[in-house]
Structures are given as C-alpha cells and as structure tokens.
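J.: Next comes input_3.cif, mmCIF, N, CA and C atoms and all ligand atoms:
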```cif
data_final
loop_
_atom_site.label_atom_id
_atom_site.label_comp_id
_atom_site.auth_asym_id
_atom_site.auth_seq_id
_atom_site.Cartn_x
_atom_site.Cartn_y
_atom_site.Cartn_z
N MET A 23 -15.04 -5.04 5.39
CA MET A 23 -13.64 -4.62 5.22
C MET A 23 -12.73 -5.40 6.18
N LYS A 24 -11.64 -5.95 5.63
CA LYS A 24 -10.69 -6.75 6.43
C LYS A 24 -9.44 -5.93 6.72
N ILE A 25 -9.08 -5.86 7.99
CA ILE A 25 -7.97 -5.02 8.43
C ILE A 25 -6.83 -5.87 8.97
N ALA A 26 -5.59 -5.54 8.56
CA ALA A 26 -4.39 -6.14 9.15
C ALA A 26 -3.79 -5.11 10.11
N ILE A 27 -3.49 -5.55 11.34
CA ILE A 27 -2.96 -4.62 12.33
C ILE A 27 -1.69 -5.19 12.95
N ALA A 28 -0.74 -4.30 13.25
CA ALA A 28 0.49 -4.72 13.94
C ALA A 28 1.10 -3.52 14.64
N SER A 29 1.96 -3.82 15.59
CA SER A 29 2.73 -2.76 16.26
C SER A 29 4.08 -3.33 16.66
N ASP A 30 5.00 -2.44 16.98
CA ASP A 30 6.21 -2.89 17.67
C ASP A 30 5.95 -2.74 19.17
N HIS A 31 7.00 -2.88 19.97
CA HIS A 31 6.84 -2.78 21.43
C HIS A 31 6.38 -1.39 21.87
N GLY A 32 6.61 -0.38 21.02
CA GLY A 32 6.22 1.00 21.36
C GLY A 32 4.77 1.31 21.09
N GLY A 33 4.01 0.35 20.52
CA GLY A 33 2.63 0.65 20.13
C GLY A 33 1.60 -0.36 20.61
N VAL A 34 1.98 -1.15 21.60
CA VAL A 34 1.11 -2.25 22.03
C VAL A 34 -0.23 -1.75 22.60
N ASN A 35 -0.20 -0.69 23.38
CA ASN A 35 -1.44 -0.22 24.03
C ASN A 35 -2.44 0.34 23.02
N ILE A 36 -1.93 1.11 22.06
CA ILE A 36 -2.85 1.63 21.03
C ILE A 36 -3.35 0.50 20.15
N ARG A 37 -2.51 -0.49 19.89
CA ARG A 37 -2.97 -1.64 19.10
C ARG A 37 -4.16 -2.31 19.77
N GLU A 38 -4.09 -2.49 21.08
CA GLU A 38 -5.22 -3.10 21.81
C GLU A 38 -6.46 -2.20 21.74
N GLU A 39 -6.25 -0.90 21.85
CA GLU A 39 -7.37 0.06 21.76
C GLU A 39 -8.05 -0.03 20.39
N ILE A 40 -7.24 -0.12 19.34
CA ILE A 40 -7.81 -0.17 17.99
C ILE A 40 -8.52 -1.51 17.75
N LYS A 41 -8.01 -2.58 18.33
CA LYS A 41 -8.70 -3.86 18.20
C LYS A 41 -10.08 -3.81 18.86
N SER A 42 -10.17 -3.11 19.99
CA SER A 42 -11.49 -3.00 20.63
C SER A 42 -12.43 -2.13 19.78
N LEU A 43 -11.87 -1.12 19.09
CA LEU A 43 -12.68 -0.31 18.16
C LEU A 43 -13.18 -1.19 17.01
N LEU A 44 -12.28 -2.00 16.45
CA LEU A 44 -12.66 -2.86 15.32
C LEU A 44 -13.76 -3.85 15.73
N ASP A 45 -13.65 -4.35 16.96
CA ASP A 45 -14.72 -5.23 17.48
C ASP A 45 -16.04 -4.46 17.55
N GLU A 46 -15.97 -3.24 18.06
CA GLU A 46 -17.18 -2.40 18.19
C GLU A 46 -17.80 -2.11 16.83
N LEU A 47 -16.94 -1.87 15.82
CA LEU A 47 -17.43 -1.55 14.47
C LEU A 47 -17.82 -2.80 13.70
N GLY A 48 -17.54 -3.97 14.29
CA GLY A 48 -17.86 -5.24 13.62
C GLY A 48 -16.98 -5.48 12.40
N MET A 49 -15.76 -4.95 12.42
CA MET A 49 -14.85 -5.13 11.29
C MET A 49 -13.93 -6.32 11.54
N GLU A 50 -13.75 -7.12 10.51
CA GLU A 50 -12.87 -8.29 10.61
C GLU A 50 -11.42 -7.82 10.63
N TYR A 51 -10.59 -8.44 11.46
CA TYR A 51 -9.18 -8.06 11.46
C TYR A 51 -8.31 -9.25 11.86
N ALA A 52 -7.01 -9.13 11.53
CA ALA A 52 -6.01 -10.08 12.00
C ALA A 52 -4.88 -9.28 12.61
N ASP A 53 -4.40 -9.78 13.76
CA ASP A 53 -3.34 -9.13 14.52
C ASP A 53 -2.01 -9.83 14.20
N PHE A 54 -1.07 -9.09 13.62
CA PHE A 54 0.22 -9.66 13.24
C PHE A 54 1.34 -9.28 14.22
N GLY A 55 1.00 -9.11 15.46
CA GLY A 55 2.00 -8.87 16.51
C GLY A 55 2.26 -7.39 16.73
N CYS A 56 3.25 -7.13 17.61
CA CYS A 56 4.21 -8.09 18.10
C CYS A 56 3.71 -8.77 19.38
N GLU A 57 4.28 -9.95 19.62
CA GLU A 57 4.09 -10.65 20.89
C GLU A 57 5.27 -10.25 21.76
N CYS A 58 5.43 -8.96 22.01
CA CYS A 58 6.74 -8.52 22.49
C CYS A 58 6.80 -8.24 23.98
N GLU A 59 7.71 -8.90 24.62
CA GLU A 59 8.10 -8.58 26.00
C GLU A 59 9.14 -7.46 25.92
N GLY A 60 10.12 -7.67 25.06
CA GLY A 60 11.21 -6.72 24.92
C GLY A 60 11.11 -5.93 23.63
N SER A 61 12.27 -5.45 23.21
CA SER A 61 12.34 -4.58 22.05
C SER A 61 12.38 -5.38 20.75
N VAL A 62 11.61 -4.95 19.74
CA VAL A 62 11.61 -5.61 18.42
C VAL A 62 11.90 -4.55 17.35
N ASP A 63 12.00 -4.98 16.09
CA ASP A 63 12.33 -4.07 14.99
C ASP A 63 11.08 -3.81 14.14
N TYR A 64 10.67 -2.54 14.05
CA TYR A 64 9.41 -2.20 13.38
C TYR A 64 9.30 -2.69 11.92
N PRO A 65 10.40 -2.77 11.13
CA PRO A 65 10.21 -3.26 9.75
C PRO A 65 9.69 -4.70 9.70
N ASP A 66 10.02 -5.49 10.74
CA ASP A 66 9.57 -6.89 10.77
C ASP A 66 8.04 -6.99 10.90
N TYR A 67 7.40 -5.90 11.27
CA TYR A 67 5.94 -5.88 11.42
C TYR A 67 5.28 -5.04 10.33
N ALA A 68 5.94 -3.95 9.93
CA ALA A 68 5.36 -3.08 8.89
C ALA A 68 5.34 -3.77 7.53
N LEU A 69 6.46 -4.43 7.18
CA LEU A 69 6.56 -4.98 5.82
C LEU A 69 5.58 -6.12 5.55
N PRO A 70 5.43 -7.10 6.47
CA PRO A 70 4.42 -8.15 6.21
C PRO A 70 3.00 -7.61 6.09
N VAL A 71 2.65 -6.64 6.94
CA VAL A 71 1.30 -6.06 6.85
C VAL A 71 1.14 -5.33 5.52
N ALA A 72 2.15 -4.55 5.14
CA ALA A 72 2.07 -3.80 3.88
C ALA A 72 1.95 -4.76 2.69
N GLU A 73 2.69 -5.86 2.73
CA GLU A 73 2.62 -6.82 1.63
C GLU A 73 1.24 -7.47 1.55
N LYS A 74 0.65 -7.76 2.68
CA LYS A 74 -0.68 -8.38 2.69
C LYS A 74 -1.73 -7.41 2.13
N VAL A 75 -1.59 -6.13 2.44
CA VAL A 75 -2.53 -5.14 1.90
C VAL A 75 -2.27 -4.97 0.40
N ALA A 76 -1.00 -4.88 0.01
CA ALA A 76 -0.67 -4.69 -1.41
C ALA A 76 -1.17 -5.86 -2.26
N LYS A 77 -1.13 -7.07 -1.69
CA LYS A 77 -1.58 -8.27 -2.43
C LYS A 77 -3.10 -8.42 -2.43
N GLY A 78 -3.78 -7.59 -1.63
CA GLY A 78 -5.24 -7.67 -1.58
C GLY A 78 -5.76 -8.69 -0.59
N GLU A 79 -4.86 -9.26 0.22
CA GLU A 79 -5.32 -10.21 1.24
C GLU A 79 -6.09 -9.49 2.34
N PHE A 80 -5.77 -8.23 2.53
CA PHE A 80 -6.49 -7.35 3.46
C PHE A 80 -6.80 -6.04 2.74
N ASP A 81 -7.93 -5.42 3.12
CA ASP A 81 -8.33 -4.18 2.46
C ASP A 81 -7.48 -3.01 2.94
N ARG A 82 -7.19 -2.99 4.23
CA ARG A 82 -6.42 -1.87 4.81
C ARG A 82 -5.55 -2.39 5.96
N GLY A 83 -4.58 -1.55 6.35
CA GLY A 83 -3.71 -1.89 7.47
C GLY A 83 -3.61 -0.75 8.46
N ILE A 84 -3.32 -1.11 9.71
CA ILE A 84 -3.06 -0.12 10.75
C ILE A 84 -1.78 -0.54 11.47
N LEU A 85 -0.81 0.39 11.54
CA LEU A 85 0.51 0.11 12.12
C LEU A 85 0.82 1.14 13.20
N ILE A 86 1.31 0.67 14.34
CA ILE A 86 1.63 1.58 15.44
C ILE A 86 3.04 1.29 15.95
N CYS A 87 3.84 2.34 16.12
CA CYS A 87 5.12 2.22 16.81
C CYS A 87 5.24 3.42 17.76
N GLY A 88 6.43 3.73 18.20
CA GLY A 88 6.58 4.83 19.15
C GLY A 88 6.18 6.16 18.55
N THR A 89 6.69 6.42 17.36
CA THR A 89 6.38 7.68 16.67
C THR A 89 5.44 7.50 15.49
N GLY A 90 5.33 6.29 14.98
CA GLY A 90 4.60 6.02 13.74
C GLY A 90 5.48 6.24 12.51
N ILE A 91 6.62 6.87 12.72
CA ILE A 91 7.47 7.24 11.58
C ILE A 91 8.14 6.01 10.96
N GLY A 92 8.75 5.17 11.79
CA GLY A 92 9.42 3.99 11.25
C GLY A 92 8.45 3.10 10.51
N MET A 93 7.29 2.86 11.09
CA MET A 93 6.27 2.02 10.44
C MET A 93 5.86 2.62 9.10
N SER A 94 5.66 3.93 9.04
CA SER A 94 5.20 4.54 7.78
C SER A 94 6.30 4.51 6.73
N ILE A 95 7.55 4.76 7.13
CA ILE A 95 8.65 4.70 6.15
C ILE A 95 8.75 3.29 5.56
N ALA A 96 8.72 2.29 6.43
CA ALA A 96 8.85 0.90 5.96
C ALA A 96 7.66 0.51 5.06
N ALA A 97 6.45 0.80 5.50
CA ALA A 97 5.26 0.39 4.74
C ALA A 97 5.25 1.03 3.36
N ASN A 98 5.70 2.29 3.28
CA ASN A 98 5.66 2.98 1.99
C ASN A 98 6.72 2.49 1.00
N LYS A 99 7.59 1.58 1.42
CA LYS A 99 8.54 0.95 0.49
C LYS A 99 7.86 -0.12 -0.35
N VAL A 100 6.69 -0.57 0.06
CA VAL A 100 6.00 -1.66 -0.64
C VAL A 100 5.12 -1.06 -1.74
N ARG A 101 5.31 -1.55 -2.96
CA ARG A 101 4.56 -1.03 -4.10
C ARG A 101 3.05 -1.17 -3.88
N GLY A 102 2.34 -0.10 -4.11
CA GLY A 102 0.88 -0.13 -3.96
C GLY A 102 0.42 0.38 -2.61
N ILE A 103 1.39 0.65 -1.72
CA ILE A 103 1.00 1.13 -0.39
C ILE A 103 1.06 2.65 -0.33
N ARG A 104 0.01 3.22 0.20
CA ARG A 104 -0.04 4.65 0.52
C ARG A 104 -0.33 4.73 2.02
N CYS A 105 0.75 4.76 2.78
CA CYS A 105 0.64 4.77 4.24
C CYS A 105 0.70 6.21 4.74
N ALA A 106 -0.30 6.60 5.52
CA ALA A 106 -0.37 7.96 6.07
C ALA A 106 -0.09 7.94 7.57
N LEU A 107 0.87 8.75 7.97
CA LEU A 107 1.17 8.94 9.39
C LEU A 107 0.26 10.06 9.89
N VAL A 108 -0.63 9.72 10.80
CA VAL A 108 -1.69 10.66 11.20
C VAL A 108 -1.79 10.80 12.72
N HIS A 109 -1.83 12.06 13.17
CA HIS A 109 -1.99 12.33 14.60
C HIS A 109 -3.07 13.37 14.87
N ASP A 110 -3.94 13.61 13.87
CA ASP A 110 -5.05 14.55 14.09
C ASP A 110 -6.24 14.13 13.24
N LEU A 111 -7.41 14.58 13.62
CA LEU A 111 -8.64 14.13 12.97
C LEU A 111 -8.80 14.71 11.56
N PHE A 112 -8.33 15.94 11.37
CA PHE A 112 -8.44 16.56 10.04
C PHE A 112 -7.68 15.72 9.00
N SER A 113 -6.44 15.35 9.36
CA SER A 113 -5.62 14.57 8.42
C SER A 113 -6.18 13.17 8.20
N ALA A 114 -6.77 12.59 9.25
CA ALA A 114 -7.36 11.25 9.13
C ALA A 114 -8.42 11.24 8.05
N LYS A 115 -9.25 12.29 8.03
CA LYS A 115 -10.32 12.39 7.03
C LYS A 115 -9.73 12.73 5.66
N ALA A 116 -8.84 13.72 5.64
CA ALA A 116 -8.29 14.21 4.37
C ALA A 116 -7.49 13.14 3.64
N THR A 117 -6.73 12.34 4.38
CA THR A 117 -5.90 11.35 3.69
C THR A 117 -6.73 10.23 3.07
N ARG A 118 -7.89 9.97 3.62
CA ARG A 118 -8.78 9.01 2.95
C ARG A 118 -9.44 9.68 1.74
N GLN A 119 -9.95 10.90 1.91
CA GLN A 119 -10.65 11.57 0.81
C GLN A 119 -9.72 11.88 -0.36
N HIS A 120 -8.50 12.29 -0.06
CA HIS A 120 -7.62 12.80 -1.11
C HIS A 120 -6.56 11.81 -1.58
N ASN A 121 -6.01 11.02 -0.65
CA ASN A 121 -4.87 10.14 -1.00
C ASN A 121 -5.27 8.68 -1.14
N ASP A 122 -6.50 8.35 -0.77
CA ASP A 122 -6.92 6.94 -0.76
C ASP A 122 -5.89 6.09 0.00
N SER A 123 -5.44 6.60 1.14
CA SER A 123 -4.42 5.87 1.91
C SER A 123 -4.97 4.51 2.32
N ASN A 124 -4.11 3.49 2.20
CA ASN A 124 -4.57 2.14 2.53
C ASN A 124 -3.93 1.59 3.81
N ILE A 125 -2.98 2.35 4.36
CA ILE A 125 -2.45 2.01 5.69
C ILE A 125 -2.40 3.28 6.53
N LEU A 126 -2.79 3.14 7.79
CA LEU A 126 -2.74 4.23 8.77
C LEU A 126 -1.61 3.91 9.75
N ALA A 127 -0.71 4.87 9.97
CA ALA A 127 0.34 4.71 10.98
C ALA A 127 0.13 5.76 12.07
N MET A 128 0.37 5.34 13.32
CA MET A 128 0.26 6.27 14.45
C MET A 128 1.38 5.98 15.44
N GLY A 129 1.68 6.98 16.27
CA GLY A 129 2.75 6.85 17.25
C GLY A 129 2.23 6.95 18.67
N GLU A 130 2.48 5.90 19.44
CA GLU A 130 1.97 5.84 20.82
C GLU A 130 2.71 6.78 21.78
N ARG A 131 3.90 7.22 21.36
CA ARG A 131 4.62 8.19 22.21
C ARG A 131 4.24 9.61 21.83
N VAL A 132 3.33 9.74 20.86
CA VAL A 132 2.91 11.06 20.37
C VAL A 132 1.49 11.39 20.82
N ILE A 133 0.60 10.42 20.69
CA ILE A 133 -0.81 10.63 21.07
C ILE A 133 -1.26 9.52 22.02
N GLY A 134 -2.36 9.77 22.69
CA GLY A 134 -2.92 8.80 23.62
C GLY A 134 -3.93 7.88 22.94
N PRO A 135 -4.37 6.86 23.66
CA PRO A 135 -5.28 5.87 23.07
C PRO A 135 -6.65 6.44 22.67
N GLY A 136 -7.12 7.44 23.39
CA GLY A 136 -8.44 8.03 23.06
C GLY A 136 -8.42 8.69 21.70
N LEU A 137 -7.42 9.53 21.46
CA LEU A 137 -7.32 10.21 20.16
C LEU A 137 -7.03 9.19 19.05
N ALA A 138 -6.16 8.22 19.34
CA ALA A 138 -5.84 7.19 18.34
C ALA A 138 -7.12 6.46 17.90
N ARG A 139 -7.98 6.17 18.84
CA ARG A 139 -9.24 5.47 18.54
C ARG A 139 -10.12 6.33 17.61
N GLU A 140 -10.23 7.62 17.92
CA GLU A 140 -11.04 8.53 17.09
C GLU A 140 -10.45 8.68 15.70
N ILE A 141 -9.13 8.81 15.63
CA ILE A 141 -8.45 8.91 14.33
C ILE A 141 -8.74 7.66 13.49
N ALA A 142 -8.58 6.49 14.11
CA ALA A 142 -8.80 5.24 13.38
C ALA A 142 -10.26 5.14 12.92
N LYS A 143 -11.18 5.57 13.76
CA LYS A 143 -12.61 5.50 13.41
C LYS A 143 -12.91 6.36 12.18
N VAL A 144 -12.40 7.58 12.19
CA VAL A 144 -12.60 8.49 11.05
C VAL A 144 -11.94 7.91 9.81
N TRP A 145 -10.71 7.43 9.95
CA TRP A 145 -9.95 6.90 8.80
C TRP A 145 -10.65 5.67 8.21
N LEU A 146 -11.19 4.82 9.08
CA LEU A 146 -11.85 3.59 8.60
C LEU A 146 -13.19 3.85 7.93
N THR A 147 -13.83 4.96 8.27
CA THR A 147 -15.20 5.19 7.80
C THR A 147 -15.30 6.30 6.75
N THR A 148 -14.17 6.85 6.34
CA THR A 148 -14.20 7.92 5.33
C THR A 148 -13.86 7.35 3.96
N GLU A 149 -14.67 7.71 2.96
CA GLU A 149 -14.48 7.20 1.59
C GLU A 149 -13.51 8.09 0.80
N TYR A 150 -12.83 7.49 -0.14
CA TYR A 150 -11.98 8.21 -1.10
C TYR A 150 -12.90 9.00 -2.03
N GLU A 151 -12.55 10.25 -2.28
CA GLU A 151 -13.39 11.11 -3.14
C GLU A 151 -13.13 10.90 -4.63
N ALA A 152 -11.99 10.32 -4.98
CA ALA A 152 -11.59 10.15 -6.39
C ALA A 152 -11.65 11.50 -7.10
N GLY A 153 -12.36 11.61 -8.22
CA GLY A 153 -12.46 12.89 -8.93
C GLY A 153 -11.10 13.45 -9.26
N ARG A 154 -10.86 14.71 -8.86
CA ARG A 154 -9.59 15.37 -9.20
C ARG A 154 -8.39 14.69 -8.55
N HIS A 155 -8.64 13.92 -7.48
CA HIS A 155 -7.54 13.25 -6.78
C HIS A 155 -7.06 12.02 -7.53
N GLU A 156 -7.91 11.49 -8.40
CA GLU A 156 -7.56 10.27 -9.12
C GLU A 156 -6.34 10.47 -10.01
N ASN A 157 -6.25 11.64 -10.63
CA ASN A 157 -5.10 11.96 -11.48
C ASN A 157 -3.82 11.99 -10.66
N ARG A 158 -3.90 12.54 -9.44
CA ARG A 158 -2.72 12.69 -8.57
C ARG A 158 -2.27 11.34 -8.03
N VAL A 159 -3.21 10.58 -7.52
CA VAL A 159 -2.86 9.24 -7.02
C VAL A 159 -2.38 8.38 -8.19
N GLY A 160 -2.97 8.59 -9.37
CA GLY A 160 -2.57 7.86 -10.57
C GLY A 160 -1.12 8.11 -10.93
N LYS A 161 -0.64 9.33 -10.70
CA LYS A 161 0.76 9.65 -11.00
C LYS A 161 1.72 8.89 -10.08
N ILE A 162 1.30 8.68 -8.84
CA ILE A 162 2.11 7.88 -7.91
C ILE A 162 2.15 6.42 -8.39
N LYS A 163 0.98 5.93 -8.78
CA LYS A 163 0.89 4.53 -9.26
C LYS A 163 1.73 4.35 -10.52
N ALA A 164 1.69 5.33 -11.41
CA ALA A 164 2.45 5.24 -12.67
C ALA A 164 3.95 5.24 -12.36
N TYR A 165 4.37 6.07 -11.42
CA TYR A 165 5.78 6.12 -11.02
C TYR A 165 6.23 4.76 -10.48
N GLU A 166 5.37 4.17 -9.65
CA GLU A 166 5.70 2.85 -9.07
C GLU A 166 5.88 1.81 -10.17
N GLN A 167 5.07 1.90 -11.20
CA GLN A 167 5.14 0.91 -12.29
C GLN A 167 6.46 1.00 -13.04
N GLN A 168 7.08 2.19 -13.04
CA GLN A 168 8.34 2.37 -13.77
C GLN A 168 9.54 1.83 -12.98
N GLN A 169 9.33 1.59 -11.67
CA GLN A 169 10.50 1.22 -10.84
C GLN A 169 10.92 -0.23 -11.06
C1 LIG A 201 11.44 2.03 19.13
O1 LIG A 201 12.23 2.47 20.16
C2 LIG A 201 11.08 3.18 18.20
O2 LIG A 201 12.22 3.58 17.49
C3 LIG A 201 9.98 2.80 17.25
O3 LIG A 201 8.86 2.42 17.99
C4 LIG A 201 9.52 3.88 16.31
O4 LIG A 201 9.24 5.06 16.98
C5 LIG A 201 10.35 4.09 15.13
O5 LIG A 201 10.07 4.91 14.27
#
```
Translate this structure into structure tokens?

T.:
Amino acid sequence: MKIAIASDHGGVNIREEIKSLLDELGMEYADFGCECEGSVDYPDYALPVAEKVAKGEFDRGILICGTGIGMSIAANKVRGIRCALVHDLFSAKATRQHNDSNILAMGERVIGPGLAREIAKVWLTTEYEAGRHENRVGKIKAYEQQQ
C-alpha cells in the first residue's frame, strides 16, 4: 500500500511520528510537505494529496493540521475522496469498516503523537467491510457523478 502524507505548520510533529510508523510497518510513502518554517495554507497541501489519491497514484492519504478540520474539508472537495477526521480509536476502525475512507485527517492541537500513531495504525490495517455499507458508499459515489 502506497501512502501520501502532508501537513501544514500545525501538524509537523505528528507527520514525523506517522512517517516513523510507516517505516515500522514497511509501508511505502511520499511526503508532500510542508517544508515550513512559518505559516502555510492547509489547502495547498490537502488538495494535491487528495488528487493523487483520487487518481490512484497513491492508495491512501494522511493529512495533519492544527485541528484536522481544514485538511478534511479541503480533501473532501475532491471527487472520489472520503476523508475522515479522526481523534479516537473506535472511529479509526469504524471509518475504514463502514465508510471505506481513503484519507485520514488528524489535528495536532487536539491529540498527541502517541494517540495519533495508534489511530493511524488501526486506520491503515483495518479492511472495508463492504456488504451493507456498499449501498451507502455507492450513494455518495453516485451523487458525485451527477455533479
Ligand atoms: C493553522 O493555524 C490552522 O488554522 C490549521 O492548522 C488548521 O487547524 C485548520 O483547520
């Protein structure tokens, strides 16, 4: 599985933590920034990652900002993206099983690096259940096709 990862200036520490997790799990990844000393704009990082996942260049994406909210709002504007903002382990598992989320967003001003690492591990290793959820996710895909 190939992962695209990025953060704004508010998510640099968790981004480094998740990269060390990806190394530990032996998962291939590419880091799309930021190379930030100062303040940057989260859409400049969320949208390229979301587009790469939507195009199939990467299987999944992980985005971190201060709250995770800006990254998730921006990523979900890209057709084919189901970005889940997650700050607990239950949701990390559920959003993979039920929503087949393809991008994980987290906020570094909300949770610490230890919990972020566990959330990412669960999210990366949990399979989509399909079944009854396929109809629901299918309705989102059908709506996107009409836009
Ligand atoms: C940056 O200050 C902050 O707004 C950003 O990291 C994020 O929390 C936005 O949703």

J.: Tell me, in Å to one decimal, how far atom CA of Ile103 of chain A is from atom CA of Gln119 of chain A.

T.: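 Separation of atom CA of Ile103 of chain A and atom CA of Gln119 of chain A: 15.7 Å.
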
J.: Identify, with DSSP run on backbone atoms, the residues in chain A assigned to helix (DSSP H, G or I), and express the list as a VMD selection string.

T.: chain A and resid 31 to 47 65 to 76 91 to 97 111 to 121 135 to 147 154 to 168

J.: Within 8 Å of segment 87-100 of chain A, counting all atoms listed in the file, which residues qualify if same-chain residues fewer than 4 places away don't, as a PyMOL selection string?

T.: chain A and resi 28-34+37+64-65+67-73+76+104-108+125-133

J.: Can you work out which one of A:Asp122, A:Asp66, A:Glu151, A:Glu79 has the shortest atom-to-atom distance to Met23 of chain A, counting only C-alpha atoms?

T.: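 Residue with the minimum atom-to-atom distance to Met23 of chain A: A:Glu79.
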
J.: Pick from A:Glu166, A:Pro135, A:Glu39, A:Asn121: nearest to Gly153 of chain A, with only C-alpha atoms counted?

T.: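 That would be A:Asn121, the residue with the smallest distance to Gly153 of chain A.
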
J.: Taking every listed atom of ligand LIG 201 (chain A) and adding 4 Å to each side, what centre and edge lengths in Å (one decimal) does the axis-aligned box have, as lines of an AutoDock Vina configuration file?

T.:
```
center_x = 10.5
center_y = 3.5
center_z = 17.2
size_x = 11.4
size_y = 11.0
size_z = 13.9
```

J.: Just checking: using only C-alpha atoms and all ligand atoms, which residue out of A:Leu43, A:Ile25, A:Leu85, A:Ala152 ends up closest to ligand LIG 201 (chain A)?

T.: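 Closest residue, counting only C-alpha atoms and all ligand atoms: A:Leu85.
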
J.: Just to confirm, what's the straight-line distance from atom O5 of ligand LIG 201 (chain A) to atom C of Ile84 of chain A in Å (one decimal)?

T.: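 Computing the Euclidean distance for atom O5 of ligand LIG 201 (chain A) and atom C of Ile84 of chain A yields 13.3 Å.
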